[in-house]
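J.: I am sharing model21.tsv, which consists of TSV, C-alpha atoms and all ligand atoms:
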```tsv
chain	number	residue	atom	x	y	z
A	1	MET	CA	185.57	343.73	44.47
A	2	ARG	CA	183.72	344.91	47.55
A	3	ALA	CA	180.51	343.31	48.77
A	4	ILE	CA	177.15	344.54	49.94
A	5	SER	CA	175.28	341.78	51.74
A	6	VAL	CA	171.52	341.89	52.19
A	7	CYS	CA	169.92	339.54	54.68
A	8	VAL	CA	167.30	337.26	53.18
A	9	GLY	CA	166.47	335.47	56.41
A	10	SER	CA	162.75	335.03	57.01
A	11	SER	CA	162.27	338.15	59.12
A	12	CYS	CA	164.16	340.43	56.73
A	13	HIS	CA	162.50	338.76	53.78
A	14	LEU	CA	159.11	339.78	55.15
A	15	LYS	CA	160.35	343.33	55.60
A	16	GLY	CA	161.41	343.69	51.96
A	17	SER	CA	164.89	342.20	51.39
A	18	TYR	CA	164.14	341.48	47.78
A	19	ASP	CA	162.92	345.01	47.13
A	20	ILE	CA	166.13	346.32	48.65
A	21	ILE	CA	168.22	343.98	46.51
A	22	ARG	CA	166.34	345.22	43.44
A	23	ILE	CA	166.92	348.87	44.40
A	24	PHE	CA	170.65	348.26	45.01
A	25	LYS	CA	170.95	346.38	41.71
A	26	GLU	CA	169.40	349.28	39.83
A	27	LEU	CA	171.69	351.77	41.54
A	28	ILE	CA	174.79	349.63	40.87
A	29	ASN	CA	173.83	349.60	37.20
A	30	GLU	CA	172.95	353.27	37.10
A	31	TYR	CA	176.32	354.27	38.55
A	32	ASN	CA	178.30	351.61	36.61
A	33	LEU	CA	179.62	350.04	39.78
A	34	ASP	CA	179.24	346.41	38.77
A	35	LYS	CA	183.03	345.94	38.53
A	36	GLU	CA	183.57	347.39	41.98
A	37	TRP	CA	180.62	346.20	44.04
A	38	GLU	CA	179.05	342.81	44.26
A	39	LEU	CA	175.62	342.23	45.74
A	40	LYS	CA	175.19	339.17	47.95
A	41	ALA	CA	172.35	337.61	49.85
A	42	GLU	CA	173.10	336.28	53.30
A	43	PHE	CA	171.18	334.51	55.99
A	44	CYS	CA	170.11	335.87	59.34
A	45	CYS	CA	172.78	337.93	61.09
A	46	ASN	CA	170.88	338.26	64.38
A	47	ASN	CA	169.53	341.72	63.81
A	48	CYS	CA	165.96	340.61	63.15
A	49	ARG	CA	164.17	343.12	65.35
A	50	ASN	CA	165.22	345.95	63.06
A	51	PRO	CA	164.44	346.63	59.40
A	52	VAL	CA	166.34	344.66	56.78
A	53	SER	CA	169.97	344.02	57.70
A	54	VAL	CA	172.59	345.15	55.23
A	55	ARG	CA	176.32	344.77	55.71
A	56	ILE	CA	179.10	346.39	53.75
A	57	GLU	CA	182.10	344.07	53.66
A	58	ASP	CA	182.47	342.96	57.28
A	59	SER	CA	180.63	345.86	58.86
A	60	LYS	CA	178.08	345.58	61.60
A	61	PRO	CA	174.56	345.14	60.21
A	62	TYR	CA	172.92	348.39	59.20
A	63	SER	CA	169.14	348.56	59.27
A	64	VAL	CA	167.69	349.59	55.93
A	65	ASP	CA	164.11	349.80	54.77
A	66	VAL	CA	162.71	350.26	51.29
A	67	ASP	CA	162.27	354.00	51.79
A	68	SER	CA	165.81	354.58	53.02
A	69	ALA	CA	167.59	352.17	50.65
A	70	GLU	CA	168.55	354.74	48.03
A	71	ALA	CA	169.80	357.29	50.58
A	72	PHE	CA	171.75	354.52	52.34
A	73	PHE	CA	173.37	353.49	49.06
A	74	LYS	CA	174.32	357.05	48.21
A	75	GLU	CA	175.83	357.65	51.61
A	76	LYS	CA	177.65	354.37	52.16
A	77	ILE	CA	178.51	353.24	48.64
A	78	LEU	CA	178.82	356.37	46.54
A	79	GLY	CA	180.29	358.25	49.46
A	80	ALA	CA	182.77	355.43	50.29
A	101	LIG	S1	166.39	337.57	59.36
A	101	LIG	FE1	167.63	339.24	58.82
A	101	LIG	S2	168.74	339.62	60.63
A	101	LIG	FE2	167.56	337.91	61.11
```
Would you give me this structure, written as structure tokens?

T.:
Amino acid sequence: MRAISVCVGSSCHLKGSYDIIRIFKELINEYNLDKEWELKAEFCCNNCRNPVSVRIEDSKPYSVDVDSAEAFFKEKILGA
């Protein structure tokens, strides 16, 4: 099982972490990936100046906002 981690630290929370988690959850369901990908919340990973931090496994934090969440998922998860 691979993991997508979304930061829910206070700065990312204000920028929409929970909306991004909801979007990723819907996409995981839509593409039947719940056996392959697990969604996790994590605390601040020191990338607060950017949009919401999302990590895939142990990657560096990517910066994702609500508008780019679906495209990010398609590129990094479906394309992985
Ligand atoms: S609160 Fe998300 S990186 Fe700091």

J.: Show me which residues are within 12 Å of ligand LIG 101 (chain A) counting all atoms listed in the file, and format the list as a VMD selection string.

T.: chain A and resid 5 to 18 41 to 55 60 to 65

J.: Go ahead and dump the residues you just picked, C-alpha atoms, as a compact mmCIF listing (two decimals), in the frame of the given file.

T.:
```txt
# COMPACT_ATOMS: atom_id res chain seq x y z
CA SER A 5 175.28 341.78 51.74
CA VAL A 6 171.52 341.89 52.19
CA CYS A 7 169.92 339.54 54.68
CA VAL A 8 167.30 337.26 53.18
CA GLY A 9 166.47 335.47 56.41
CA SER A 10 162.75 335.03 57.01
CA SER A 11 162.27 338.15 59.12
CA CYS A 12 164.16 340.43 56.73
CA HIS A 13 162.50 338.76 53.78
CA LEU A 14 159.11 339.78 55.15
CA LYS A 15 160.35 343.33 55.60
CA GLY A 16 161.41 343.69 51.96
CA SER A 17 164.89 342.20 51.39
CA TYR A 18 164.14 341.48 47.78
CA ALA A 41 172.35 337.61 49.85
CA GLU A 42 173.10 336.28 53.30
CA PHE A 43 171.18 334.51 55.99
CA CYS A 44 170.11 335.87 59.34
CA CYS A 45 172.78 337.93 61.09
CA ASN A 46 170.88 338.26 64.38
CA ASN A 47 169.53 341.72 63.81
CA CYS A 48 165.96 340.61 63.15
CA ARG A 49 164.17 343.12 65.35
CA ASN A 50 165.22 345.95 63.06
CA PRO A 51 164.44 346.63 59.40
CA VAL A 52 166.34 344.66 56.78
CA SER A 53 169.97 344.02 57.70
CA VAL A 54 172.59 345.15 55.23
CA ARG A 55 176.32 344.77 55.71
CA LYS A 60 178.08 345.58 61.60
CA PRO A 61 174.56 345.14 60.21
CA TYR A 62 172.92 348.39 59.20
CA SER A 63 169.14 348.56 59.27
CA VAL A 64 167.69 349.59 55.93
CA ASP A 65 164.11 349.80 54.77
```

J.: Please indicate the distance in Å from CA of Trp37 in chain A to CA of Arg22 in chain A, rounded to one decimal place.

T.: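 It comes out at 14.3 Å.
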
J.: Please report the interatomic distance between CA of Ile56 in chain A and CA of Ala3 in chain A in Å with one decimal.

T.: 6.0 Å

J.: Scan for residues within 8 Å of the point (183.9, 343.2, 53.0) in the coordinates of the file, using only C-alpha atoms, and reply as a list in words.

T.: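 Returned residue set, sorted by chain then number, is Arg2, Ala3, Ile4, Ile56, Glu57, Asp58 and Ser59 of chain A.
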
J.: Between A:Asp19, A:Leu27, A:Met1, A:Leu39, which one has atoms that come closest to Phe73 in chain A, using only C-alpha atoms?

T.: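 Residue with the minimum atom-to-atom distance to Phe73 in chain A: A:Leu27.
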
J.: In Å, how far is it from CA of Leu33 in chain A to CA of Gly79 in chain A?

T.: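 Result for CA of Leu33 in chain A versus CA of Gly79 in chain A: 12.7 Å, one decimal.
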